[in-house]
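*Asks:* Pasting input-v1.cif here (mmCIF, C-alpha atoms):
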```cif
data_query
loop_
_atom_site.group_PDB
_atom_site.id
_atom_site.type_symbol
_atom_site.label_atom_id
_atom_site.label_comp_id
_atom_site.auth_asym_id
_atom_site.auth_seq_id
_atom_site.Cartn_x
_atom_site.Cartn_y
_atom_site.Cartn_z
ATOM 1 C CA MET A 1400 11.763 28.544 -5.981
ATOM 2 C CA LEU A 1401 13.969 26.204 -7.997
ATOM 3 C CA SER A 1402 12.858 25.361 -11.535
ATOM 4 C CA ASP A 1403 14.184 23.877 -14.778
ATOM 5 C CA CYS A 1404 17.454 22.740 -13.183
ATOM 6 C CA VAL A 1405 19.600 19.623 -13.354
ATOM 7 C CA VAL A 1406 20.950 18.575 -9.942
ATOM 8 C CA VAL A 1407 23.478 15.753 -10.333
ATOM 9 C CA SER A 1408 26.193 13.968 -8.295
ATOM 10 C CA ASN A 1409 26.031 15.909 -5.028
ATOM 11 C CA ALA A 1410 26.310 14.584 -1.459
ATOM 12 C CA ALA A 1411 25.119 15.579 2.015
ATOM 13 C CA PHE A 1412 26.253 14.227 5.354
ATOM 14 C CA TRP A 1413 22.767 14.479 6.916
ATOM 15 C CA CYS A 1414 19.785 14.909 4.540
ATOM 16 C CA GLY A 1415 18.925 16.087 1.041
ATOM 17 C CA GLY A 1416 21.800 14.862 -1.080
ATOM 18 C CA GLY A 1417 20.649 16.913 -4.054
ATOM 19 C CA ILE A 1418 18.235 19.487 -2.580
ATOM 20 C CA CYS A 1419 17.265 20.319 1.015
ATOM 21 C CA CYS A 1420 14.089 22.401 1.333
ATOM 22 C CA PHE A 1421 13.042 23.800 4.752
ATOM 23 C CA GLN A 1422 9.683 25.413 5.590
ATOM 24 C CA GLY A 1423 8.284 25.941 2.137
ATOM 25 C CA GLY A 1424 9.517 26.532 -1.363
ATOM 26 C CA THR A 1425 8.780 24.984 -4.742
ATOM 27 C CA ILE A 1426 10.914 22.640 -6.839
ATOM 28 C CA SER A 1427 9.561 22.232 -10.368
ATOM 29 C CA ASN A 1428 10.595 20.739 -13.706
ATOM 30 C CA CYS A 1429 13.958 19.597 -12.366
ATOM 31 C CA THR A 1430 16.051 16.478 -12.920
ATOM 32 C CA VAL A 1431 17.562 15.257 -9.642
ATOM 33 C CA GLN A 1432 19.892 12.322 -10.211
ATOM 34 C CA ALA A 1433 22.810 10.368 -8.690
ATOM 35 C CA ASN A 1434 22.963 12.312 -5.412
ATOM 36 C CA PHE A 1435 23.698 10.843 -1.961
ATOM 37 C CA ALA A 1436 22.504 11.538 1.605
ATOM 38 C CA TYR A 1437 24.293 9.724 4.381
ATOM 39 C CA GLY A 1438 22.575 10.275 7.709
ATOM 40 C CA TYR A 1439 18.850 10.976 7.527
ATOM 41 C CA GLY A 1440 17.554 10.201 4.068
ATOM 42 C CA GLY A 1441 16.281 12.108 1.103
ATOM 43 C CA GLY A 1442 19.020 11.004 -1.248
ATOM 44 C CA GLY A 1443 17.627 13.241 -3.969
ATOM 45 C CA ILE A 1444 15.311 15.722 -2.191
ATOM 46 C CA TYR A 1445 14.447 16.412 1.457
ATOM 47 C CA CYS A 1446 11.444 18.617 2.355
ATOM 48 C CA TYR A 1447 10.552 19.736 5.881
ATOM 49 C CA ASP A 1448 7.423 21.618 7.041
ATOM 50 C CA GLY A 1449 5.906 22.394 3.679
ATOM 51 C CA GLY A 1450 7.290 22.603 0.203
ATOM 52 C CA LEU A 1451 6.055 21.478 -3.195
ATOM 53 C CA VAL A 1452 7.913 19.153 -5.559
ATOM 54 C CA MET A 1453 6.235 18.999 -8.964
ATOM 55 C CA ASN A 1454 6.942 17.710 -12.471
ATOM 56 C CA CYS A 1455 10.389 16.435 -11.518
ATOM 57 C CA MET A 1456 12.428 13.422 -12.572
ATOM 58 C CA VAL A 1457 14.084 11.961 -9.467
ATOM 59 C CA ALA A 1458 16.294 9.008 -10.393
ATOM 60 C CA ALA A 1459 19.134 6.816 -9.104
ATOM 61 C CA ASN A 1460 19.834 8.759 -5.914
ATOM 62 C CA LEU A 1461 21.066 6.991 -2.800
ATOM 63 C CA ALA A 1462 20.386 7.089 0.940
ATOM 64 C CA SER A 1463 22.348 5.187 3.563
ATOM 65 C CA ASN A 1464 20.998 1.758 4.472
ATOM 66 C CA TYR A 1465 19.201 2.857 7.633
ATOM 67 C CA ALA A 1466 17.724 6.069 6.212
ATOM 68 C CA ALA A 1467 14.395 6.161 4.361
ATOM 69 C CA GLY A 1468 13.690 8.076 1.189
ATOM 70 C CA GLY A 1469 16.313 7.186 -1.378
ATOM 71 C CA GLY A 1470 14.567 9.492 -3.840
ATOM 72 C CA ILE A 1471 12.465 11.913 -1.761
ATOM 73 C CA LYS A 1472 11.881 12.256 1.973
ATOM 74 C CA CYS A 1473 9.074 14.445 3.366
ATOM 75 C CA GLU A 1474 8.583 15.494 6.979
ATOM 76 C CA GLY A 1475 6.424 18.087 8.688
ATOM 77 C CA ASN A 1476 5.279 19.254 12.104
ATOM 78 C CA VAL A 1477 3.274 22.311 10.980
ATOM 79 C CA LYS A 1478 2.775 21.993 7.206
ATOM 80 C CA LEU A 1479 2.722 18.913 4.995
ATOM 81 C CA PRO A 1480 5.118 18.711 2.047
ATOM 82 C CA HIS A 1481 3.498 17.825 -1.290
ATOM 83 C CA VAL A 1482 4.919 15.802 -4.183
ATOM 84 C CA GLN A 1483 2.944 15.734 -7.425
ATOM 85 C CA ASP A 1484 3.310 14.658 -11.049
ATOM 86 C CA CYS A 1485 6.829 13.311 -10.508
ATOM 87 C CA ILE A 1486 8.694 10.224 -11.702
ATOM 88 C CA VAL A 1487 10.705 8.576 -8.911
ATOM 89 C CA ARG A 1488 12.727 5.578 -10.055
ATOM 90 C CA GLY A 1489 15.829 3.456 -9.676
ATOM 91 C CA HIS A 1490 16.876 4.107 -6.064
ATOM 92 C CA ALA A 1491 18.939 1.255 -4.649
ATOM 93 C CA ASN A 1492 18.684 2.107 -0.921
ATOM 94 C CA GLY A 1493 15.975 3.882 1.059
ATOM 95 C CA GLY A 1494 13.175 3.213 -1.431
ATOM 96 C CA GLY A 1495 11.442 5.727 -3.674
ATOM 97 C CA VAL A 1496 9.531 8.142 -1.402
ATOM 98 C CA SER A 1497 9.222 8.352 2.394
ATOM 99 C CA CYS A 1498 6.537 10.551 4.008
ATOM 100 C CA VAL A 1499 6.442 11.220 7.769
ATOM 101 C CA PRO A 1500 4.129 12.920 6.901
ATOM 102 C CA GLY A 1501 3.505 14.182 3.372
ATOM 103 C CA ASP A 1502 1.066 13.904 0.462
ATOM 104 C CA ILE A 1503 1.791 12.306 -2.916
ATOM 105 C CA TYR A 1504 -0.307 12.942 -6.046
ATOM 106 C CA ARG A 1505 -0.196 11.461 -9.572
ATOM 107 C CA CYS A 1506 3.353 10.141 -9.282
ATOM 108 C CA THR A 1507 4.987 7.123 -10.908
ATOM 109 C CA ILE A 1508 7.226 5.320 -8.420
ATOM 110 C CA SER A 1509 9.116 2.395 -9.953
ATOM 111 C CA GLY A 1510 12.211 0.230 -9.699
ATOM 112 C CA ASN A 1511 13.200 1.259 -6.164
ATOM 113 C CA THR A 1512 14.611 -0.908 -3.351
ATOM 114 C CA ASN A 1513 14.502 -0.739 0.448
ATOM 115 C CA SER A 1514 14.470 -3.032 3.476
ATOM 116 C CA SER A 1515 10.720 -2.247 3.874
ATOM 117 C CA GLY A 1516 8.490 -0.087 1.701
ATOM 118 C CA GLY A 1517 10.382 -0.495 -1.544
ATOM 119 C CA GLY A 1518 8.365 2.061 -3.485
ATOM 120 C CA LEU A 1519 6.583 4.154 -0.895
ATOM 121 C CA ASN A 1520 6.788 4.494 2.898
ATOM 122 C CA LEU A 1521 3.786 6.277 4.437
ATOM 123 C CA SER A 1522 3.322 7.158 8.109
ATOM 124 C CA ALA A 1523 1.891 9.859 10.399
ATOM 125 C CA TRP A 1524 -1.171 11.088 8.437
ATOM 126 C CA SER A 1525 0.400 10.722 4.986
ATOM 127 C CA SER A 1526 -1.526 9.958 1.802
ATOM 128 C CA ALA A 1527 -0.934 8.911 -1.799
ATOM 129 C CA SER A 1528 -3.529 9.404 -4.541
ATOM 130 C CA ASN A 1529 -3.716 8.427 -8.222
ATOM 131 C CA CYS A 1530 -0.188 7.003 -8.241
ATOM 132 C CA ILE A 1531 1.391 4.108 -10.140
ATOM 133 C CA ILE A 1532 3.674 2.063 -7.885
ATOM 134 C CA SER A 1533 5.390 -0.673 -9.867
ATOM 135 C CA GLY A 1534 8.438 -2.915 -9.967
ATOM 136 C CA ASN A 1535 9.739 -2.033 -6.499
ATOM 137 C CA THR A 1536 11.410 -4.435 -4.044
ATOM 138 C CA ALA A 1537 11.565 -4.747 -0.247
ATOM 139 C CA GLU A 1538 13.620 -7.319 1.598
ATOM 140 C CA PHE A 1539 11.086 -7.658 4.417
ATOM 141 C CA TRP A 1540 7.670 -5.898 4.199
ATOM 142 C CA GLY A 1541 5.768 -3.951 1.583
ATOM 143 C CA GLY A 1542 7.399 -4.277 -1.808
ATOM 144 C CA GLY A 1543 5.130 -1.595 -3.239
ATOM 145 C CA VAL A 1544 3.850 0.333 -0.212
ATOM 146 C CA ARG A 1545 4.329 0.253 3.559
ATOM 147 C CA CYS A 1546 1.526 1.993 5.505
ATOM 148 C CA VAL A 1547 2.004 2.806 9.196
ATOM 149 C CA GLN A 1548 -0.831 4.298 11.298
ATOM 150 C CA ASN A 1549 -3.321 6.832 9.929
ATOM 151 C CA THR A 1550 -2.213 6.688 6.301
ATOM 152 C CA THR A 1551 -4.350 6.530 3.166
ATOM 153 C CA LEU A 1552 -4.008 5.220 -0.385
ATOM 154 C CA ASN A 1553 -6.596 6.372 -2.928
ATOM 155 C CA ASN A 1554 -7.037 5.219 -6.541
ATOM 156 C CA CYS A 1555 -3.526 3.790 -6.842
ATOM 157 C CA LEU A 1556 -2.233 1.012 -9.101
ATOM 158 C CA ILE A 1557 0.188 -1.250 -7.198
ATOM 159 C CA THR A 1558 1.674 -3.827 -9.547
ATOM 160 C CA GLY A 1559 4.744 -5.956 -10.157
ATOM 161 C CA ASN A 1560 6.310 -5.343 -6.744
ATOM 162 C CA ARG A 1561 8.118 -7.921 -4.595
ATOM 163 C CA ALA A 1562 8.808 -8.449 -0.868
ATOM 164 C CA GLY A 1563 9.322 -11.082 1.793
ATOM 165 C CA SER A 1564 5.787 -10.359 3.084
ATOM 166 C CA GLY A 1565 3.146 -8.128 1.534
ATOM 167 C CA GLY A 1566 4.442 -8.009 -2.013
ATOM 168 C CA GLY A 1567 2.017 -5.247 -2.934
ATOM 169 C CA LEU A 1568 0.968 -3.612 0.335
ATOM 170 C CA TYR A 1569 1.885 -3.906 4.010
ATOM 171 C CA TYR A 1570 -0.220 -2.424 6.823
ATOM 172 C CA TYR A 1571 1.281 -1.881 10.275
ATOM 173 C CA ARG A 1572 -1.000 -0.674 13.078
ATOM 174 C CA GLY A 1573 -3.318 1.130 10.715
ATOM 175 C CA GLY A 1574 -3.714 2.562 7.255
ATOM 176 C CA GLU A 1575 -6.339 2.165 4.575
ATOM 177 C CA ALA A 1576 -6.580 1.607 0.836
ATOM 178 C CA ASN A 1577 -9.559 2.877 -1.162
ATOM 179 C CA ASN A 1578 -10.388 2.056 -4.793
ATOM 180 C CA CYS A 1579 -6.925 0.652 -5.484
ATOM 181 C CA THR A 1580 -5.835 -2.104 -7.862
ATOM 182 C CA ILE A 1581 -3.250 -4.463 -6.358
ATOM 183 C CA VAL A 1582 -2.241 -6.919 -9.064
ATOM 184 C CA GLY A 1583 0.708 -9.093 -10.063
ATOM 185 C CA ASN A 1584 2.811 -8.650 -6.920
ATOM 186 C CA THR A 1585 4.872 -11.447 -5.328
ATOM 187 C CA ALA A 1586 6.081 -12.521 -1.891
ATOM 188 C CA THR A 1587 8.362 -15.266 -0.632
ATOM 189 C CA ASN A 1588 7.156 -15.491 2.986
ATOM 190 C CA LYS A 1589 3.570 -14.270 3.489
ATOM 191 C CA ALA A 1590 0.902 -12.589 1.378
ATOM 192 C CA GLY A 1591 1.634 -11.864 -2.244
ATOM 193 C CA GLY A 1592 -0.983 -9.101 -2.270
ATOM 194 C CA ILE A 1593 -1.635 -7.593 1.174
ATOM 195 C CA TYR A 1594 -0.115 -8.297 4.566
ATOM 196 C CA CYS A 1595 -1.877 -6.757 7.567
ATOM 197 C CA ASP A 1596 -0.045 -6.478 10.892
ATOM 198 C CA GLU A 1597 -2.308 -5.389 13.798
ATOM 199 C CA ALA A 1598 -4.698 -3.162 11.792
ATOM 200 C CA GLY A 1599 -5.677 -2.157 8.272
ATOM 201 C CA LEU A 1600 -8.711 -1.296 6.169
ATOM 202 C CA THR A 1601 -9.353 -2.158 2.514
ATOM 203 C CA ARG A 1602 -12.337 -0.658 0.658
ATOM 204 C CA ASN A 1603 -13.489 -1.333 -2.912
ATOM 205 C CA CYS A 1604 -10.107 -2.640 -4.043
ATOM 206 C CA ILE A 1605 -9.223 -5.230 -6.667
ATOM 207 C CA VAL A 1606 -6.619 -7.707 -5.398
ATOM 208 C CA TRP A 1607 -5.819 -10.021 -8.284
ATOM 209 C CA HIS A 1608 -3.135 -12.501 -9.412
ATOM 210 C CA ASN A 1609 -0.678 -11.845 -6.635
ATOM 211 C CA ASP A 1610 1.732 -14.692 -6.048
ATOM 212 C CA LEU A 1611 3.089 -16.455 -2.978
ATOM 213 C CA ASN A 1612 5.741 -19.033 -3.870
ATOM 214 C CA GLY A 1613 4.052 -19.981 -7.113
ATOM 215 C CA VAL A 1614 0.431 -19.991 -5.838
ATOM 216 C CA TRP A 1615 -1.808 -17.400 -7.484
ATOM 217 C CA SER A 1616 -3.895 -15.135 -5.272
ATOM 218 C CA GLU A 1617 -7.090 -13.534 -6.530
ATOM 219 C CA TRP A 1618 -9.916 -11.317 -5.405
ATOM 220 C CA PHE A 1619 -13.037 -11.693 -7.488
ATOM 221 C CA ALA A 1620 -16.360 -9.942 -6.969
ATOM 222 C CA ASP A 1621 -19.341 -10.103 -9.282
ATOM 223 C CA THR A 1622 -20.283 -6.554 -10.251
ATOM 224 C CA ASN A 1623 -23.963 -7.405 -9.740
ATOM 225 C CA PRO A 1624 -24.541 -7.992 -6.000
ATOM 226 C CA THR A 1625 -28.027 -9.422 -6.651
ATOM 227 C CA ASN A 1626 -26.510 -12.343 -8.563
ATOM 228 C CA LEU A 1627 -26.839 -15.498 -6.480
ATOM 229 C CA ALA A 1628 -23.366 -16.585 -7.636
ATOM 230 C CA SER A 1629 -21.784 -13.321 -6.521
ATOM 231 C CA ARG A 1630 -18.865 -14.118 -4.269
ATOM 232 C CA LEU A 1631 -15.802 -12.253 -3.103
ATOM 233 C CA ALA A 1632 -12.646 -14.320 -2.748
ATOM 234 C CA MET A 1633 -9.359 -13.105 -1.278
ATOM 235 C CA PHE A 1634 -6.334 -15.356 -1.487
ATOM 236 C CA SER A 1635 -2.894 -14.912 0.059
ATOM 237 C CA ILE A 1636 -3.943 -12.136 2.410
ATOM 238 C CA ALA A 1637 -2.253 -12.556 5.787
ATOM 239 C CA ASN A 1638 -2.972 -10.662 8.983
ATOM 240 C CA THR A 1639 -2.487 -10.790 12.724
ATOM 241 C CA ASN A 1640 -5.317 -8.617 14.034
ATOM 242 C CA GLY A 1641 -7.765 -5.933 13.007
ATOM 243 C CA LEU A 1642 -8.213 -6.255 9.227
ATOM 244 C CA GLU A 1643 -11.664 -5.118 8.125
ATOM 245 C CA ILE A 1644 -13.473 -5.868 4.872
ATOM 246 C CA HIS A 1645 -16.216 -3.719 3.368
ATOM 247 C CA VAL A 1646 -18.348 -5.499 0.757
ATOM 248 C CA ARG A 1647 -20.995 -4.331 -1.672
ATOM 249 C CA CYS A 1648 -24.287 -6.043 -0.841
ATOM 250 C CA THR A 1649 -28.045 -6.028 -1.317
ATOM 251 C CA ASN A 1650 -30.772 -6.437 1.298
ATOM 252 C CA SER A 1651 -32.263 -9.262 -0.791
ATOM 253 C CA ARG A 1652 -29.360 -11.613 0.028
ATOM 254 C CA ILE A 1653 -27.764 -13.244 3.081
ATOM 255 C CA TYR A 1654 -23.952 -13.236 3.389
ATOM 256 C CA SER A 1655 -21.515 -15.615 5.070
ATOM 257 C CA PHE A 1656 -17.785 -15.102 5.518
ATOM 258 C CA GLU A 1657 -15.523 -18.182 5.284
ATOM 259 C CA TYR A 1658 -11.822 -18.916 5.477
ATOM 260 C CA VAL A 1659 -9.335 -21.731 5.001
ATOM 261 C CA GLU A 1660 -5.646 -21.874 5.880
ATOM 262 C CA ASN A 1661 -4.598 -24.375 3.203
ATOM 263 C CA LEU A 1662 -6.340 -24.377 -0.171
ATOM 264 C CA THR A 1663 -5.138 -27.822 -1.217
ATOM 265 C CA SER A 1664 -5.866 -29.803 1.955
ATOM 266 C CA GLY A 1665 -8.007 -27.553 4.149
ATOM 267 C CA THR A 1666 -11.763 -27.251 4.594
ATOM 268 C CA TRP A 1667 -13.636 -23.963 4.347
ATOM 269 C CA SER A 1668 -14.888 -22.846 7.784
ATOM 270 C CA ASN A 1669 -17.285 -20.130 8.850
ATOM 271 C CA VAL A 1670 -15.811 -17.063 10.499
ATOM 272 C CA PRO A 1671 -17.299 -17.049 14.027
ATOM 273 C CA GLY A 1672 -20.104 -14.530 14.307
ATOM 274 C CA GLN A 1673 -20.021 -13.724 10.578
ATOM 275 C CA THR A 1674 -22.528 -16.163 9.078
ATOM 276 C CA ASN A 1675 -25.995 -15.513 7.655
ATOM 277 C CA LEU A 1676 -25.555 -11.744 7.784
ATOM 278 C CA PRO A 1677 -28.399 -9.742 6.224
ATOM 279 C CA GLY A 1678 -27.351 -7.342 3.500
ATOM 280 C CA ALA A 1679 -27.476 -3.716 4.555
ATOM 281 C CA ALA A 1680 -29.985 -1.356 2.971
ATOM 282 C CA SER A 1681 -27.099 1.073 2.407
ATOM 283 C CA GLY A 1682 -25.556 -1.370 -0.067
ATOM 284 C CA VAL A 1683 -22.374 -1.868 1.972
ATOM 285 C CA LEU A 1684 -21.725 -4.664 4.460
ATOM 286 C CA SER A 1685 -19.059 -3.138 6.685
ATOM 287 C CA ALA A 1686 -16.378 -3.999 9.216
ATOM 288 C CA ILE A 1687 -16.155 -7.770 8.875
ATOM 289 C CA PRO A 1688 -13.175 -8.827 11.033
ATOM 290 C CA VAL A 1689 -10.798 -11.422 9.645
ATOM 291 C CA PRO A 1690 -9.829 -14.278 12.007
ATOM 292 C CA VAL A 1691 -6.310 -14.412 13.395
ATOM 293 C CA VAL A 1692 -4.510 -16.940 11.204
ATOM 294 C CA THR A 1693 -0.952 -17.205 9.973
ATOM 295 C CA GLN A 1694 -1.919 -17.330 6.314
ATOM 296 C CA GLY A 1695 -5.539 -17.069 5.294
ATOM 297 C CA TYR A 1696 -7.683 -17.502 2.210
ATOM 298 C CA PHE A 1697 -11.074 -15.865 2.502
ATOM 299 C CA ARG A 1698 -14.360 -15.680 0.620
ATOM 300 C CA ILE A 1699 -17.855 -14.304 1.021
ATOM 301 C CA LYS A 1700 -20.906 -16.192 -0.216
ATOM 302 C CA ALA A 1701 -24.254 -14.660 -1.119
ATOM 303 C CA THR A 1702 -27.417 -16.759 -0.773
ATOM 304 C CA LYS A 1703 -31.155 -16.167 -0.916
ATOM 305 C CA PRO A 1704 -32.862 -15.620 2.466
#
```
Could you show the structure in this file as structure tokens?

*Replies:*
Amino acid sequence: MLSDCVVVSNAAFWCGGGICCFQGGTISNCTVQANFAYGYGGGGIYCYDGGLVMNCMVAANLASNYAAGGGIKCEGNVKLPHVQDCIVRGHANGGGVSCVPGDIYRCTISGNTNSSGGGLNLSAWSSASNCIISGNTAEFWGGGVRCVQNTTLNNCLITGNRAGSGGGLYYYRGGEANNCTIVGNTATNKAGGIYCDEAGLTRNCIVWHNDLNGVWSEWFADTNPTNLASRLAMFSIANTNGLEIHVRCTNSRIYSFEYVENLTSGTWSNVPGQTNLPGAASGVLSAIPVPVVTQGYFRIKATKP
């Protein structure tokens, strides 16, 4: 166990510039700052097969350009590392936290930079819950978060991040976000809010005022699904295949899913096979596939039967 320590200005050739933790152990109430890992990431802290990092300040560490986890890198084949109640900020290469896999709880991840996944890189059964992910930057995909296959975000605030595509969140071949708020993110290429590449699932999320080259993107849903005017709109959400939408509904209304590729000059069209859908008695209309378009704007209309 390592607690109440200051770990500053160290370097490692392979991983864990400040601290390298194998097969368990606890790091608590430490400041880990200005360390460097050259080969494999974890500029500040590297955890493998277990380990708990809690109540730590991890700031301004550095990983080499091709290594993920400028602040913290987690890996595990037998046990998952856990990071909780930490502040991870100001990492110029490798992003804030990389999990392959690992679990993140109640952390603030801000002001980090990476080629993809500026704040948080999740893959291989990783999860992040109740985190604030803000002000991070990615050159290519996922300014706030990059999710790859079988990863989960729960109750996270993703705001003020920036990327080429997927300013807030980028899905690649899987991943899901539940009860998250994705607001005020920007992109220069595709999708200020969410970019979905091959698969992704978004449930009960607010996607609001994300920006793509000066065009606002919003997701609005009336909280009363019995209101005739209730409509869900999603702007600047791009995908290639497999995105699913789950919508609150009532069995007293009929729902139609529409999309348009250009808001200023395009015409709203029905999604094939997704018109005049009866609301489910369960209160959730599930698994509505999004059409394959380069850049889509989507909405759901509720009408009386």

*Asks:* Give me, please, the distance in Å between atom CA of Asn1535 of chain A and atom CA of Cys1420 of chain A, quoted to one decimal.

*Replies:*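 According to the coordinates, atom CA of Asn1535 of chain A and atom CA of Cys1420 of chain A are separated by 26.0 Å.
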
*Asks:* I'd like to know which of A:Tyr1447, A:Tyr1654, A:Phe1539, A:Tyr1570 is closest to Gly1678 of chain A, using all atoms listed in the file.

*Replies:*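 The closest residue to Gly1678 of chain A is A:Tyr1654.
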
*Asks:* I need the residue nearest Gly1516 of chain A from this list: A:Ala1537, A:Ala1586, A:Ala1467, A:Ala1491. Use only C-alpha atoms for the distance.

*Replies:*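 Counting only C-alpha atoms, the residue closest to Gly1516 of chain A is A:Ala1537.
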
*Asks:* For Leu1521 of chain A, which residue out of A:Tyr1571, A:Arg1488, A:Arg1505, A:Tyr1658 is the nearest one, using all atoms listed in the file?

*Replies:* A:Tyr1571

*Asks:* Counting all atoms listed in the file, which residue out of A:Asn1434, A:Asn1492, A:Ser1655, A:Asn1675 sits closest to Phe1412 of chain A?

*Replies:*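 Among the listed residues, A:Asn1434 lies closest to Phe1412 of chain A.
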
*Asks:* Determine the nearest neighbour of Leu1568 of chain A from the options A:Val1457, A:Ile1593, A:Leu1611, A:Leu1556, counting all atoms listed in the file.

*Replies:*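 Smallest separation from Leu1568 of chain A among the options: A:Ile1593.
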
*Asks:* Could you please determine the separation between atom CA of Arg1545 of chain A and atom CA of Phe1421 of chain A in Å, to one decimal place?

*Replies:*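 Atom CA of Phe1421 of chain A lies 25.1 Å from atom CA of Arg1545 of chain A.
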
*Asks:* At a cut-off of 8 Å, using all atoms listed in the file, what residues contact segment 1460-1464 of chain A? Leave out same-chain residues fewer than 3 positions from it and give the result as a PDB file with C-alpha atoms, keeping the file's coordinate frame.

*Replies:*
```
ATOM      1  CA  VAL A1431      17.562  15.257  -9.642  1.00  0.00           C
ATOM      2  CA  GLN A1432      19.892  12.322 -10.211  1.00  0.00           C
ATOM      3  CA  ALA A1433      22.810  10.368  -8.690  1.00  0.00           C
ATOM      4  CA  ASN A1434      22.963  12.312  -5.412  1.00  0.00           C
ATOM      5  CA  PHE A1435      23.698  10.843  -1.961  1.00  0.00           C
ATOM      6  CA  ALA A1436      22.504  11.538   1.605  1.00  0.00           C
ATOM      7  CA  TYR A1437      24.293   9.724   4.381  1.00  0.00           C
ATOM      8  CA  GLY A1438      22.575  10.275   7.709  1.00  0.00           C
ATOM      9  CA  TYR A1439      18.850  10.976   7.527  1.00  0.00           C
ATOM     10  CA  GLY A1440      17.554  10.201   4.068  1.00  0.00           C
ATOM     11  CA  GLY A1441      16.281  12.108   1.103  1.00  0.00           C
ATOM     12  CA  GLY A1442      19.020  11.004  -1.248  1.00  0.00           C
ATOM     13  CA  GLY A1443      17.627  13.241  -3.969  1.00  0.00           C
ATOM     14  CA  VAL A1457      14.084  11.961  -9.467  1.00  0.00           C
ATOM     15  CA  ALA A1467      14.395   6.161   4.361  1.00  0.00           C
ATOM     16  CA  GLY A1468      13.690   8.076   1.189  1.00  0.00           C
ATOM     17  CA  GLY A1469      16.313   7.186  -1.378  1.00  0.00           C
ATOM     18  CA  GLY A1470      14.567   9.492  -3.840  1.00  0.00           C
ATOM     19  CA  GLY A1489      15.829   3.456  -9.676  1.00  0.00           C
ATOM     20  CA  HIS A1490      16.876   4.107  -6.064  1.00  0.00           C
ATOM     21  CA  ALA A1491      18.939   1.255  -4.649  1.00  0.00           C
ATOM     22  CA  ASN A1492      18.684   2.107  -0.921  1.00  0.00           C
ATOM     23  CA  GLY A1493      15.975   3.882   1.059  1.00  0.00           C
TER      24      GLY A1493
END
```

*Asks:* So the first atom is atom CA of Gly1495 of chain A and the second is atom CA of Ala1458 of chain A; what is the distance between them in Å, to one decimal place?

*Replies:*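 Going from atom CA of Gly1495 of chain A over to atom CA of Ala1458 of chain A, I get 8.9 Å.
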
*Asks:* Determine the nearest neighbour of Ile1653 of chain A from the options A:Leu1676, A:Cys1429, A:Val1547, A:Ile1699, counting all atoms listed in the file.

*Replies:*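 For Ile1653 of chain A, the nearest of the candidates is A:Leu1676.
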
*Asks:* Selection in question (the file shown): the PyMOL selection byres ((chain A and resi 1445) around 7). Which residues does it include, as a list of chain:residue names?

*Replies:*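 Taken over the shown coordinates, the PyMOL selection byres ((chain A and resi 1445) around 7) returns A:Cys1414, A:Gly1415, A:Ile1418, A:Cys1419, A:Cys1420, A:Gly1441, A:Ile1444, A:Cys1446, A:Tyr1447, A:Ile1471, A:Lys1472, A:Cys1473.
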
*Asks:* Deliver the residues from the most recent selection as a file, using C-alpha atoms, as a short mmCIF file (atom, residue, chain, number, x, y, z; two decimals), keeping the file's coordinate frame.

*Replies:*
```
data_model
loop_
_atom_site.label_atom_id
_atom_site.label_comp_id
_atom_site.auth_asym_id
_atom_site.auth_seq_id
_atom_site.Cartn_x
_atom_site.Cartn_y
_atom_site.Cartn_z
CA CYS A 1414 19.78 14.91 4.54
CA GLY A 1415 18.92 16.09 1.04
CA ILE A 1418 18.24 19.49 -2.58
CA CYS A 1419 17.26 20.32 1.01
CA CYS A 1420 14.09 22.40 1.33
CA GLY A 1441 16.28 12.11 1.10
CA ILE A 1444 15.31 15.72 -2.19
CA CYS A 1446 11.44 18.62 2.36
CA TYR A 1447 10.55 19.74 5.88
CA ILE A 1471 12.46 11.91 -1.76
CA LYS A 1472 11.88 12.26 1.97
CA CYS A 1473 9.07 14.44 3.37
#
```

*Asks:* If we count all atoms listed in the file, what is near Ile1557 of chain A at a cut-off of 6 Å, once residues fewer than 3 positions away on the same chain are taken out, given as an NGL selection string?

*Replies:* :A and (1532-1533 or 1581)

*Asks:* List the neighbours of Ala1576 of chain A out to 7 Å using only C-alpha atoms; skip same-chain residues closer than 3 positions along the sequence, and give me the result as number ranges by chain.

*Replies:* A: 1551-1553, 1579, 1600-1602

*Asks:* At a cut-off of 9 Å, using only C-alpha atoms, what residues contact Asp1502 of chain A? Leave out same-chain residues fewer than 4 positions from it and give the result as number ranges by chain.

*Replies:* A: 1473, 1479-1483, 1498, 1524-1528

*Asks:* Which residues fall under the PyMOL selection byres ((chain A and resi 1565) around 8) in this file, as a list in words?

*Replies:* Trp1540, Gly1541, Gly1542, Arg1561, Ala1562, Gly1563, Ser1564, Gly1566, Gly1567, Leu1568, Tyr1569, Thr1585, Ala1586, Lys1589, Ala1590, Gly1591, Gly1592, Ile1593, Tyr1594 and Cys1595 of chain A

*Asks:* Build an axis-aligned box that encloses every atom of segment 1403-1411 of chain A listed in the file, pad it by 6 Å on each side, and report its centre and edge lengths in Å to one decimal, as JSON.

*Replies:*
```
{"center_x": 20.2, "center_y": 18.9, "center_z": -6.4, "size_x": 24.1, "size_y": 21.9, "size_z": 28.8}
```

*Asks:* I would like the residues chosen by the PyMOL selection byres ((chain A and resi 1424) around 6) on the shown file; could you give them as JSON, numbers by chain?

*Replies:* {"A": [1400, 1423, 1425, 1450]}
